[in-house]
$ cat query.pdb   # PDB, C-alpha atoms and all ligand atoms
ATOM      1  CA  MET A  42     -26.029   1.116-108.245  1.00  0.00           C
ATOM      2  CA  GLY A  43     -27.810   1.530-111.577  1.00  0.00           C
ATOM      3  CA  SER A  44     -30.671   3.971-112.032  1.00  0.00           C
ATOM      4  CA  LYS A  45     -34.136   2.889-110.999  1.00  0.00           C
ATOM      5  CA  LEU A  46     -36.503   1.345-113.527  1.00  0.00           C
ATOM      6  CA  ARG A  47     -38.936   3.960-114.828  1.00  0.00           C
ATOM      7  CA  ILE A  48     -42.411   2.500-114.369  1.00  0.00           C
ATOM      8  CA  ALA A  49     -45.826   3.720-115.576  1.00  0.00           C
ATOM      9  CA  VAL A  50     -48.926   2.227-113.988  1.00  0.00           C
ATOM     10  CA  LEU A  51     -52.192   2.275-115.961  1.00  0.00           C
ATOM     11  CA  ALA A  52     -55.304   1.660-113.889  1.00  0.00           C
ATOM     12  CA  SER A  53     -59.060   2.137-114.264  1.00  0.00           C
ATOM     13  CA  GLY A  54     -60.343   1.244-110.807  1.00  0.00           C
ATOM     14  CA  GLY A  55     -59.643   1.258-107.104  1.00  0.00           C
ATOM     15  CA  GLY A  56     -55.916   0.826-107.473  1.00  0.00           C
ATOM     16  CA  THR A  57     -55.032  -1.680-104.755  1.00  0.00           C
ATOM     17  CA  ASN A  58     -52.464  -3.242-107.095  1.00  0.00           C
ATOM     18  CA  LEU A  59     -51.101   0.222-107.790  1.00  0.00           C
ATOM     19  CA  GLN A  60     -50.819   0.690-104.023  1.00  0.00           C
ATOM     20  CA  SER A  61     -48.779  -2.505-103.646  1.00  0.00           C
ATOM     21  CA  ILE A  62     -46.394  -1.218-106.331  1.00  0.00           C
ATOM     22  CA  ILE A  63     -46.182   2.246-104.729  1.00  0.00           C
ATOM     23  CA  ASP A  64     -45.354   0.525-101.439  1.00  0.00           C
ATOM     24  CA  GLY A  65     -42.801  -1.777-103.086  1.00  0.00           C
ATOM     25  CA  CYS A  66     -41.013   1.177-104.688  1.00  0.00           C
ATOM     26  CA  SER A  67     -40.947   3.134-101.450  1.00  0.00           C
ATOM     27  CA  ASN A  68     -39.806   0.274 -99.207  1.00  0.00           C
ATOM     28  CA  GLY A  69     -37.123  -0.823-101.658  1.00  0.00           C
ATOM     29  CA  THR A  70     -38.510  -4.246-102.624  1.00  0.00           C
ATOM     30  CA  ILE A  71     -38.924  -2.874-106.150  1.00  0.00           C
ATOM     31  CA  ASP A  72     -35.842  -1.237-107.572  1.00  0.00           C
ATOM     32  CA  GLY A  73     -37.950   1.199-109.545  1.00  0.00           C
ATOM     33  CA  GLN A  74     -39.879   4.440-109.474  1.00  0.00           C
ATOM     34  CA  ILE A  75     -43.393   5.129-110.697  1.00  0.00           C
ATOM     35  CA  VAL A  76     -42.907   8.101-113.003  1.00  0.00           C
ATOM     36  CA  THR A  77     -46.570   8.403-113.941  1.00  0.00           C
ATOM     37  CA  VAL A  78     -49.979   6.908-113.212  1.00  0.00           C
ATOM     38  CA  ILE A  79     -52.489   7.106-116.048  1.00  0.00           C
ATOM     39  CA  SER A  80     -56.184   6.333-115.850  1.00  0.00           C
ATOM     40  CA  ASN A  81     -58.887   6.373-118.504  1.00  0.00           C
ATOM     41  CA  ASN A  82     -61.413   6.924-115.715  1.00  0.00           C
ATOM     42  CA  PRO A  83     -61.520  10.348-114.030  1.00  0.00           C
ATOM     43  CA  ASP A  84     -63.094   8.806-110.903  1.00  0.00           C
ATOM     44  CA  ALA A  85     -60.528   6.031-110.487  1.00  0.00           C
ATOM     45  CA  GLY A  86     -59.394   5.475-106.919  1.00  0.00           C
ATOM     46  CA  ALA A  87     -55.993   4.821-108.471  1.00  0.00           C
ATOM     47  CA  LEU A  88     -55.641   8.547-109.268  1.00  0.00           C
ATOM     48  CA  ALA A  89     -56.351   9.434-105.638  1.00  0.00           C
ATOM     49  CA  ARG A  90     -53.778   6.876-104.473  1.00  0.00           C
ATOM     50  CA  ALA A  91     -51.191   8.394-106.817  1.00  0.00           C
ATOM     51  CA  ALA A  92     -51.999  11.862-105.481  1.00  0.00           C
ATOM     52  CA  ASN A  93     -51.642  10.623-101.895  1.00  0.00           C
ATOM     53  CA  GLY A  94     -48.294   9.079-102.758  1.00  0.00           C
ATOM     54  CA  GLY A  95     -47.051  12.291-104.356  1.00  0.00           C
ATOM     55  CA  ILE A  96     -46.825  10.561-107.747  1.00  0.00           C
ATOM     56  CA  ALA A  97     -47.439  12.311-111.069  1.00  0.00           C
ATOM     57  CA  HIS A  98     -50.760  11.222-112.499  1.00  0.00           C
ATOM     58  CA  GLN A  99     -53.161  12.082-115.268  1.00  0.00           C
ATOM     59  CA  CYS A 100     -56.500  11.067-116.678  1.00  0.00           C
ATOM     60  CA  ILE A 101     -56.729  10.344-120.397  1.00  0.00           C
ATOM     61  CA  ASP A 102     -60.458   9.789-120.784  1.00  0.00           C
ATOM     62  CA  HIS A 103     -61.099   7.273-123.579  1.00  0.00           C
ATOM     63  CA  ARG A 104     -64.568   8.796-124.120  1.00  0.00           C
ATOM     64  CA  GLN A 105     -62.908  11.869-125.582  1.00  0.00           C
ATOM     65  CA  PHE A 106     -61.562   9.841-128.499  1.00  0.00           C
ATOM     66  CA  THR A 107     -63.673   8.419-131.296  1.00  0.00           C
ATOM     67  CA  LYS A 108     -61.026   5.875-132.337  1.00  0.00           C
ATOM     68  CA  ARG A 109     -59.148   3.558-129.999  1.00  0.00           C
ATOM     69  CA  ASP A 110     -55.984   4.202-131.957  1.00  0.00           C
ATOM     70  CA  ASP A 111     -56.170   7.905-131.094  1.00  0.00           C
ATOM     71  CA  PHE A 112     -56.567   7.069-127.412  1.00  0.00           C
ATOM     72  CA  ASP A 113     -53.555   4.736-127.640  1.00  0.00           C
ATOM     73  CA  ARG A 114     -51.594   7.478-129.383  1.00  0.00           C
ATOM     74  CA  ALA A 115     -52.300   9.928-126.538  1.00  0.00           C
ATOM     75  CA  VAL A 116     -51.253   7.369-123.919  1.00  0.00           C
ATOM     76  CA  ILE A 117     -48.053   6.567-125.837  1.00  0.00           C
ATOM     77  CA  VAL A 118     -47.162  10.274-125.963  1.00  0.00           C
ATOM     78  CA  ALA A 119     -47.582  10.521-122.177  1.00  0.00           C
ATOM     79  CA  LEU A 120     -45.428   7.422-121.670  1.00  0.00           C
ATOM     80  CA  THR A 121     -42.624   8.430-124.016  1.00  0.00           C
ATOM     81  CA  GLU A 122     -42.523  11.964-122.573  1.00  0.00           C
ATOM     82  CA  ASN A 123     -41.772  10.278-119.246  1.00  0.00           C
ATOM     83  CA  ASN A 124     -39.120   7.917-120.676  1.00  0.00           C
ATOM     84  CA  VAL A 125     -41.073   4.945-119.377  1.00  0.00           C
ATOM     85  CA  GLU A 126     -39.223   1.611-119.440  1.00  0.00           C
ATOM     86  CA  LEU A 127     -41.979  -0.680-118.124  1.00  0.00           C
ATOM     87  CA  VAL A 128     -45.743  -0.279-118.558  1.00  0.00           C
ATOM     88  CA  VAL A 129     -47.719  -1.959-115.776  1.00  0.00           C
ATOM     89  CA  LEU A 130     -51.419  -2.559-116.376  1.00  0.00           C
ATOM     90  CA  ALA A 131     -53.153  -2.805-113.010  1.00  0.00           C
ATOM     91  CA  GLY A 132     -56.877  -3.189-113.519  1.00  0.00           C
ATOM     92  CA  PHE A 133     -56.704  -1.201-116.766  1.00  0.00           C
ATOM     93  CA  MET A 134     -59.969  -1.860-118.556  1.00  0.00           C
ATOM     94  CA  ARG A 135     -58.939  -0.928-122.095  1.00  0.00           C
ATOM     95  CA  ILE A 136     -57.546  -3.244-124.765  1.00  0.00           C
ATOM     96  CA  ILE A 137     -54.010  -2.393-125.826  1.00  0.00           C
ATOM     97  CA  GLY A 138     -53.772  -1.864-129.612  1.00  0.00           C
ATOM     98  CA  ASP A 139     -50.952  -2.783-132.012  1.00  0.00           C
ATOM     99  CA  ARG A 140     -49.476   0.707-132.012  1.00  0.00           C
ATOM    100  CA  PHE A 141     -49.125   0.516-128.223  1.00  0.00           C
ATOM    101  CA  LEU A 142     -47.562  -2.958-128.346  1.00  0.00           C
ATOM    102  CA  GLU A 143     -45.076  -1.851-130.980  1.00  0.00           C
ATOM    103  CA  ALA A 144     -44.079   1.198-128.916  1.00  0.00           C
ATOM    104  CA  PHE A 145     -43.185  -0.988-125.885  1.00  0.00           C
ATOM    105  CA  PRO A 146     -42.204  -4.441-127.167  1.00  0.00           C
ATOM    106  CA  GLY A 147     -41.801  -6.907-124.291  1.00  0.00           C
ATOM    107  CA  ARG A 148     -42.295  -4.044-121.857  1.00  0.00           C
ATOM    108  CA  ILE A 149     -45.975  -4.262-120.952  1.00  0.00           C
ATOM    109  CA  MET A 150     -47.196  -6.428-118.072  1.00  0.00           C
ATOM    110  CA  ASN A 151     -50.718  -7.228-116.929  1.00  0.00           C
ATOM    111  CA  ILE A 152     -52.293  -8.941-113.939  1.00  0.00           C
ATOM    112  CA  HIS A 153     -55.313 -11.164-114.339  1.00  0.00           C
ATOM    113  CA  PRO A 154     -57.419 -12.623-111.498  1.00  0.00           C
ATOM    114  CA  ALA A 155     -57.505 -16.216-112.760  1.00  0.00           C
ATOM    115  CA  LEU A 156     -55.075 -19.008-113.566  1.00  0.00           C
ATOM    116  CA  LEU A 157     -54.534 -18.381-117.265  1.00  0.00           C
ATOM    117  CA  PRO A 158     -55.153 -19.783-119.796  1.00  0.00           C
ATOM    118  CA  ALA A 159     -58.337 -20.667-117.895  1.00  0.00           C
ATOM    119  CA  PHE A 160     -60.888 -17.862-117.744  1.00  0.00           C
ATOM    120  CA  PRO A 161     -59.497 -14.961-119.779  1.00  0.00           C
ATOM    121  CA  GLY A 162     -61.636 -11.814-120.061  1.00  0.00           C
ATOM    122  CA  LEU A 163     -64.014 -10.327-117.516  1.00  0.00           C
ATOM    123  CA  HIS A 164     -65.886 -11.509-114.377  1.00  0.00           C
ATOM    124  CA  VAL A 165     -63.507 -14.422-114.100  1.00  0.00           C
ATOM    125  CA  GLN A 166     -63.833 -15.065-110.368  1.00  0.00           C
ATOM    126  CA  GLN A 167     -67.544 -15.777-110.893  1.00  0.00           C
ATOM    127  CA  LYS A 168     -66.723 -17.888-113.954  1.00  0.00           C
ATOM    128  CA  ALA A 169     -64.352 -20.038-111.908  1.00  0.00           C
ATOM    129  CA  LEU A 170     -67.052 -20.482-109.248  1.00  0.00           C
ATOM    130  CA  ASP A 171     -69.718 -21.329-111.834  1.00  0.00           C
ATOM    131  CA  TYR A 172     -67.421 -23.835-113.491  1.00  0.00           C
ATOM    132  CA  GLY A 173     -66.714 -25.500-110.163  1.00  0.00           C
ATOM    133  CA  THR A 174     -62.930 -25.474-110.330  1.00  0.00           C
ATOM    134  CA  ARG A 175     -61.173 -26.377-107.062  1.00  0.00           C
ATOM    135  CA  PHE A 176     -58.486 -23.765-107.579  1.00  0.00           C
ATOM    136  CA  SER A 177     -58.267 -20.374-109.169  1.00  0.00           C
ATOM    137  CA  GLY A 178     -55.685 -17.679-108.600  1.00  0.00           C
ATOM    138  CA  CYS A 179     -53.910 -14.897-110.424  1.00  0.00           C
ATOM    139  CA  THR A 180     -51.428 -14.494-113.227  1.00  0.00           C
ATOM    140  CA  VAL A 181     -48.878 -11.829-114.134  1.00  0.00           C
ATOM    141  CA  HIS A 182     -48.030 -11.982-117.830  1.00  0.00           C
ATOM    142  CA  PHE A 183     -46.502  -9.971-120.622  1.00  0.00           C
ATOM    143  CA  VAL A 184     -49.069  -8.420-122.931  1.00  0.00           C
ATOM    144  CA  ASP A 185     -49.294  -9.565-126.532  1.00  0.00           C
ATOM    145  CA  GLY A 186     -51.909  -8.988-129.232  1.00  0.00           C
ATOM    146  CA  GLY A 187     -54.533 -11.268-127.634  1.00  0.00           C
ATOM    147  CA  VAL A 188     -56.764 -10.920-124.592  1.00  0.00           C
ATOM    148  CA  ASP A 189     -54.816 -12.273-121.580  1.00  0.00           C
ATOM    149  CA  THR A 190     -52.718 -14.535-123.812  1.00  0.00           C
ATOM    150  CA  GLY A 191     -49.117 -13.321-123.354  1.00  0.00           C
ATOM    151  CA  PRO A 192     -46.179 -15.215-121.793  1.00  0.00           C
ATOM    152  CA  ILE A 193     -46.764 -15.993-118.110  1.00  0.00           C
ATOM    153  CA  ILE A 194     -44.278 -14.649-115.554  1.00  0.00           C
ATOM    154  CA  ILE A 195     -45.735 -15.788-112.212  1.00  0.00           C
ATOM    155  CA  GLN A 196     -48.966 -17.293-110.901  1.00  0.00           C
ATOM    156  CA  ALA A 197     -50.457 -17.769-107.445  1.00  0.00           C
ATOM    157  CA  VAL A 198     -52.886 -20.605-106.830  1.00  0.00           C
ATOM    158  CA  VAL A 199     -55.852 -19.938-104.563  1.00  0.00           C
ATOM    159  CA  PRO A 200     -58.185 -22.726-103.432  1.00  0.00           C
ATOM    160  CA  ILE A 201     -61.910 -22.304-103.963  1.00  0.00           C
ATOM    161  CA  LEU A 202     -63.813 -23.085-100.773  1.00  0.00           C
ATOM    162  CA  ASP A 203     -67.320 -24.520-100.522  1.00  0.00           C
ATOM    163  CA  ASN A 204     -68.771 -21.334 -99.063  1.00  0.00           C
ATOM    164  CA  ASP A 205     -67.003 -18.933-101.425  1.00  0.00           C
ATOM    165  CA  ASN A 206     -68.869 -16.289-103.365  1.00  0.00           C
ATOM    166  CA  GLU A 207     -67.508 -13.816-105.893  1.00  0.00           C
ATOM    167  CA  ALA A 208     -66.581 -11.281-103.214  1.00  0.00           C
ATOM    168  CA  THR A 209     -64.771 -13.676-100.882  1.00  0.00           C
ATOM    169  CA  LEU A 210     -62.889 -15.377-103.698  1.00  0.00           C
ATOM    170  CA  SER A 211     -61.940 -12.049-105.300  1.00  0.00           C
ATOM    171  CA  ALA A 212     -60.599 -10.772-101.975  1.00  0.00           C
ATOM    172  CA  ARG A 213     -58.500 -13.901-101.430  1.00  0.00           C
ATOM    173  CA  ILE A 214     -57.110 -13.676-104.984  1.00  0.00           C
ATOM    174  CA  LEU A 215     -56.410  -9.945-104.617  1.00  0.00           C
ATOM    175  CA  GLU A 216     -54.267 -10.626-101.566  1.00  0.00           C
ATOM    176  CA  GLN A 217     -52.029 -12.798-103.740  1.00  0.00           C
ATOM    177  CA  GLU A 218     -52.037 -10.251-106.574  1.00  0.00           C
ATOM    178  CA  HIS A 219     -50.428  -7.796-104.188  1.00  0.00           C
ATOM    179  CA  LYS A 220     -47.584 -10.258-103.604  1.00  0.00           C
ATOM    180  CA  ILE A 221     -46.856 -11.482-107.109  1.00  0.00           C
ATOM    181  CA  TYR A 222     -47.115  -8.224-109.082  1.00  0.00           C
ATOM    182  CA  PRO A 223     -44.409  -6.355-107.146  1.00  0.00           C
ATOM    183  CA  GLN A 224     -42.211  -9.473-107.412  1.00  0.00           C
ATOM    184  CA  ALA A 225     -42.642  -9.751-111.197  1.00  0.00           C
ATOM    185  CA  ILE A 226     -41.781  -6.060-111.554  1.00  0.00           C
ATOM    186  CA  GLN A 227     -38.707  -6.481-109.386  1.00  0.00           C
ATOM    187  CA  TRP A 228     -37.491  -9.406-111.519  1.00  0.00           C
ATOM    188  CA  PHE A 229     -37.908  -7.198-114.580  1.00  0.00           C
ATOM    189  CA  ALA A 230     -36.048  -4.349-112.856  1.00  0.00           C
ATOM    190  CA  GLN A 231     -33.205  -6.716-111.978  1.00  0.00           C
ATOM    191  CA  GLY A 232     -32.977  -8.020-115.523  1.00  0.00           C
ATOM    192  CA  SER A 233     -33.799 -11.536-114.259  1.00  0.00           C
ATOM    193  CA  ILE A 234     -36.444 -12.311-116.889  1.00  0.00           C
ATOM    194  CA  THR A 235     -35.693 -13.979-120.212  1.00  0.00           C
ATOM    195  CA  LEU A 236     -38.067 -15.450-122.765  1.00  0.00           C
ATOM    196  CA  ASN A 237     -37.627 -18.865-124.329  1.00  0.00           C
ATOM    197  CA  GLY A 238     -40.454 -18.979-126.854  1.00  0.00           C
ATOM    198  CA  ARG A 239     -43.582 -18.580-124.725  1.00  0.00           C
ATOM    199  CA  ARG A 240     -41.783 -19.742-121.594  1.00  0.00           C
ATOM    200  CA  VAL A 241     -40.528 -17.141-119.192  1.00  0.00           C
ATOM    201  CA  VAL A 242     -37.322 -18.041-117.387  1.00  0.00           C
ATOM    202  CA  ILE A 243     -36.474 -16.320-114.101  1.00  0.00           C
ATOM    203  CA  ASN A 244     -32.734 -16.210-113.386  1.00  0.00           C
ATOM    204  CA  ASN A 245     -32.753 -15.059-109.791  1.00  0.00           C
ATOM    205  CA  GLY A 246     -30.584 -17.749-108.262  1.00  0.00           C
ATOM    206  CA  SER A 247     -33.421 -19.234-106.195  1.00  0.00           C
ATOM    207  CA  GLU A 248     -33.540 -23.011-105.939  1.00  0.00           C
ATOM    208  CA  LYS A 249     -36.708 -23.204-103.873  1.00  0.00           C
ATOM    209  CA  GLU A 250     -39.121 -25.930-104.907  1.00  0.00           C
ATOM    210  CA  VAL A 251     -42.862 -25.490-105.304  1.00  0.00           C
ATOM    211  CA  ALA A 252     -45.137 -27.924-103.487  1.00  0.00           C
ATOM    212  CA  ALA A 253     -48.163 -29.486-105.182  1.00  0.00           C
ATOM    213  CA  GLN A 254     -51.551 -28.664-103.676  1.00  0.00           C
ATOM    214  CA  ILE A 255     -54.644 -30.835-103.440  1.00  0.00           C
ATOM    215  CA  ASN A 256     -58.148 -29.472-102.869  1.00  0.00           C
ATOM    216  CA  PRO A 257     -60.209 -30.842-101.168  1.00  0.00           C
ATOM    217  CA  PRO A 258     -57.348 -32.142 -99.047  1.00  0.00           C
ATOM    218  CA  LEU A 259     -56.769 -35.879 -98.728  1.00  0.00           C
ATOM    219  CA  PRO A 260     -57.860 -37.303 -95.360  1.00  0.00           C
ATOM    220  CA  ASP A 261     -55.083 -37.304 -92.769  1.00  0.00           C
ATOM    221  CA  GLU A 262     -53.116 -40.534 -92.790  1.00  0.00           C
ATOM    222  CA  GLN A 263     -54.093 -42.828 -89.912  1.00  0.00           C
TER     223      GLN A 263
HETATM  224  C1  LIG B   1     -57.668  -6.905-110.048  1.00  0.00           C
HETATM  225  O1  LIG B   1     -58.377  -8.043-109.635  1.00  0.00           O
HETATM  226  C2  LIG B   1     -56.954  -7.190-111.328  1.00  0.00           C
HETATM  227  O2  LIG B   1     -56.471  -8.479-111.404  1.00  0.00           O
HETATM  228  C3  LIG B   1     -58.066  -6.984-112.317  1.00  0.00           C
HETATM  229  O3  LIG B   1     -58.751  -5.850-111.848  1.00  0.00           O
HETATM  230  C4  LIG B   1     -58.598  -5.771-110.448  1.00  0.00           C
HETATM  231  C5  LIG B   1     -58.022  -4.423-110.140  1.00  0.00           C
HETATM  232  O4  LIG B   1     -58.025  -4.151-108.780  1.00  0.00           O
HETATM  233  N1  LIG B   1     -57.566  -6.908-113.650  1.00  0.00           N
HETATM  234  P1  LIG B   1     -57.300  -2.858-108.231  1.00  0.00           P
HETATM  235  O5  LIG B   1     -57.840  -1.663-109.015  1.00  0.00           O
HETATM  236  O6  LIG B   1     -55.832  -3.029-108.405  1.00  0.00           O
HETATM  237  O7  LIG B   1     -57.707  -2.792-106.791  1.00  0.00           O
END

$ encode --input "query.pdb" --output "structure tokens" --more "lines below"
Ligand code: GRF
Amino acid sequence: MGSKLRIAVLASGGGTNLQSIIDGCSNGTIDGQIVTVISNNPDAGALARAANGGIAHQCIDHRQFTKRDDFDRAVIVALTENNVELVVLAGFMRIIGDRFLEAFPGRIMNIHPALLPAFPGLHVQQKALDYGTRFSGCTVHFVDGGVDTGPIIIQAVVPILDNDNEATLSARILEQEHKIYPQAIQWFAQGSITLNGRRVVINNGSEKEVAAQINPPLPDEQ
């Protein structure tokens, strides 16, 4: 058995995605170990979750840096000191600069609570509701120089219901986030991911087919 993938998780908020990755590493569905959790926010629930899980963690407060590049530099030092092989952004509310991208080429993933390329950026569950789309969902993608523009690894589609509001839709999307992020990380750990231009190819031997979904559903056939 090879050594476990060395993962860093960067998070600014509550850390439920972090928790799903902690759980995946401890129950063996992810063949990896979280070697450090970094937050830019001293009050992040993610730091408390790392502490509870006995995982090394640190706060690098972006407000202590006048230039973003200096913040990036400090984060890169923390990552390289820990020999990190995969950087996982899980609700990390800072933009990743060029220096950071160059330090970890093809080794930074992000999760976004919409079906990219629709609704990049912030407050996207509300944007999907306001637009009136029938589906939204979540996307795990590699990070490139744009905002939520990198090659897409896996997406989950979530229907939007007539009585949804931002909270109910966000909760339903989050449930899927917790399934697809650990899976994407495991594919990376297994070496199952290759890139063909922008298209991500998963070589995991699965021949399962994906069913189309229609919302609102067609009436039952008589
Ligand atoms: C998630 O919805 C993620 O997609 C978005 O921020 C939220 C983070 O939630 N980027 P949590 O901190 O993992 O609970």

$ residues_near_ligand --input "query.pdb" --ligand "ligand LIG 1 (chain B)" --cutoff "7 Å" --atoms "only C-alpha atoms and all ligand atoms" --output "ChimeraX atom specification"
/A:52-59,87,131-133,152-154,179,211,215,218

$ residues_around --input "query.pdb" --residues "Arg239 in chain A" --least-positions-apart "2" --cutoff "9 Å" --atoms "all atoms listed in the file" --output "CSV table (one decimal) with C-alpha atoms, in the frame of the given file"
chain,number,residue,atom,x,y,z
A,191,GLY,CA,-49.1,-13.3,-123.4
A,192,PRO,CA,-46.2,-15.2,-121.8
A,193,ILE,CA,-46.8,-16.0,-118.1
A,236,LEU,CA,-38.1,-15.4,-122.8
A,237,ASN,CA,-37.6,-18.9,-124.3
A,241,VAL,CA,-40.5,-17.1,-119.2

$ closest_residue --input "query.pdb" --among "A:His103, A:His182, A:Lys168, A:Arg47" --to "Leu120 in chain A" --atoms "all atoms listed in the file"
A:Arg47

$ closest_residue --input "query.pdb" --among "A:Met134, A:Phe106, A:Gln60, A:Leu259" --to "Ala89 in chain A" --atoms "all atoms listed in the file"
A:Gln60

$ atom_distance --input "query.pdb" --atom1 "CA of Ile136 in chain A" --atom2 "CA of Thr107 in chain A"
14.7 Å

$ resolve_selection --input "query.pdb" --expression "the PyMOL selection byres (((chain A and resi 157-166) around 9) and not hetatm)" --output "PDB file with C-alpha atoms, in the coordinates of the input"
ATOM      1  CA  HIS A 153     -55.313 -11.164-114.339  1.00  0.00           C
ATOM      2  CA  PRO A 154     -57.419 -12.623-111.498  1.00  0.00           C
ATOM      3  CA  ALA A 155     -57.505 -16.216-112.760  1.00  0.00           C
ATOM      4  CA  LEU A 156     -55.075 -19.008-113.566  1.00  0.00           C
ATOM      5  CA  GLN A 167     -67.544 -15.777-110.893  1.00  0.00           C
ATOM      6  CA  LYS A 168     -66.723 -17.888-113.954  1.00  0.00           C
ATOM      7  CA  ALA A 169     -64.352 -20.038-111.908  1.00  0.00           C
ATOM      8  CA  LEU A 170     -67.052 -20.482-109.248  1.00  0.00           C
ATOM      9  CA  ASP A 171     -69.718 -21.329-111.834  1.00  0.00           C
ATOM     10  CA  SER A 177     -58.267 -20.374-109.169  1.00  0.00           C
ATOM     11  CA  GLY A 178     -55.685 -17.679-108.600  1.00  0.00           C
ATOM     12  CA  CYS A 179     -53.910 -14.897-110.424  1.00  0.00           C
ATOM     13  CA  THR A 180     -51.428 -14.494-113.227  1.00  0.00           C
ATOM     14  CA  VAL A 188     -56.764 -10.920-124.592  1.00  0.00           C
ATOM     15  CA  ASP A 189     -54.816 -12.273-121.580  1.00  0.00           C
ATOM     16  CA  THR A 190     -52.718 -14.535-123.812  1.00  0.00           C
ATOM     17  CA  ILE A 193     -46.764 -15.993-118.110  1.00  0.00           C
ATOM     18  CA  GLN A 196     -48.966 -17.293-110.901  1.00  0.00           C
ATOM     19  CA  ASN A 206     -68.869 -16.289-103.365  1.00  0.00           C
ATOM     20  CA  GLU A 207     -67.508 -13.816-105.893  1.00  0.00           C
ATOM     21  CA  ALA A 208     -66.581 -11.281-103.214  1.00  0.00           C
ATOM     22  CA  LEU A 210     -62.889 -15.377-103.698  1.00  0.00           C
ATOM     23  CA  SER A 211     -61.940 -12.049-105.300  1.00  0.00           C
ATOM     24  CA  ILE A 214     -57.110 -13.676-104.984  1.00  0.00           C
TER      25      ILE A 214
END

$ resolve_selection --input "query.pdb" --expression "the PyMOL selection byres (((chain A and resi 110) around 12) and not hetatm)" --output "MDAnalysis selection string"
chainID A and resid 103 106:109 111:117 135:142

$ closest_residue --input "query.pdb" --among "A:Thr209, A:Asn244, A:Asn204, A:Gln227" --to "Gly73 in chain A" --atoms "all atoms listed in the file"
A:Gln227

$ closest_residue --input "query.pdb" --among "A:Val125, A:Glu250, A:Ala197, A:Val118" --to "Lys220 in chain A" --atoms "only C-alpha atoms"
A:Ala197

$ residues_around --input "query.pdb" --residues "Ala230 in chain A" --least-positions-apart "4" --cutoff "8 Å" --atoms "all atoms listed in the file" --output "ChimeraX atom specification"
/A:45-46,71-73,226

$ closest_residue --input "query.pdb" --among "A:Gln105, A:Gln224, A:Ser247, A:Thr121" --to "Cys66 in chain A" --atoms "all atoms listed in the file"
A:Gln224

$ closest_residue --input "query.pdb" --among "A:Val181, A:Pro200, A:Ala97, A:Asn124" --to "Pro223 in chain A" --atoms "all atoms listed in the file"
A:Val181

$ atom_distance --input "query.pdb" --atom1 "CA of Ile63 in chain A" --atom2 "CA of Ile75 in chain A"
7.2 Å

$ resolve_selection --input "query.pdb" --expression "the PyMOL selection byres (((chain A and resi 128) around 7) and not hetatm)" --output "PDB file with C-alpha atoms, in the coordinates of the input"
ATOM      1  CA  ILE A  48     -42.411   2.500-114.369  1.00  0.00           C
ATOM      2  CA  ALA A  49     -45.826   3.720-115.576  1.00  0.00           C
ATOM      3  CA  VAL A  50     -48.926   2.227-113.988  1.00  0.00           C
ATOM      4  CA  GLU A 126     -39.223   1.611-119.440  1.00  0.00           C
ATOM      5  CA  LEU A 127     -41.979  -0.680-118.124  1.00  0.00           C
ATOM      6  CA  VAL A 129     -47.719  -1.959-115.776  1.00  0.00           C
ATOM      7  CA  LEU A 130     -51.419  -2.559-116.376  1.00  0.00           C
ATOM      8  CA  ARG A 148     -42.295  -4.044-121.857  1.00  0.00           C
ATOM      9  CA  ILE A 149     -45.975  -4.262-120.952  1.00  0.00           C
ATOM     10  CA  MET A 150     -47.196  -6.428-118.072  1.00  0.00           C
TER      11      MET A 150
END

$ axis_aligned_box --input "query.pdb" --around "range 231-239 of chain A" --padding-each-side "6 Å" --output "AutoDock Vina command-line options"
--center_x -38.3 --center_y -12.8 --center_z -119.4 --size_x 22.6 --size_y 24.3 --size_z 26.9
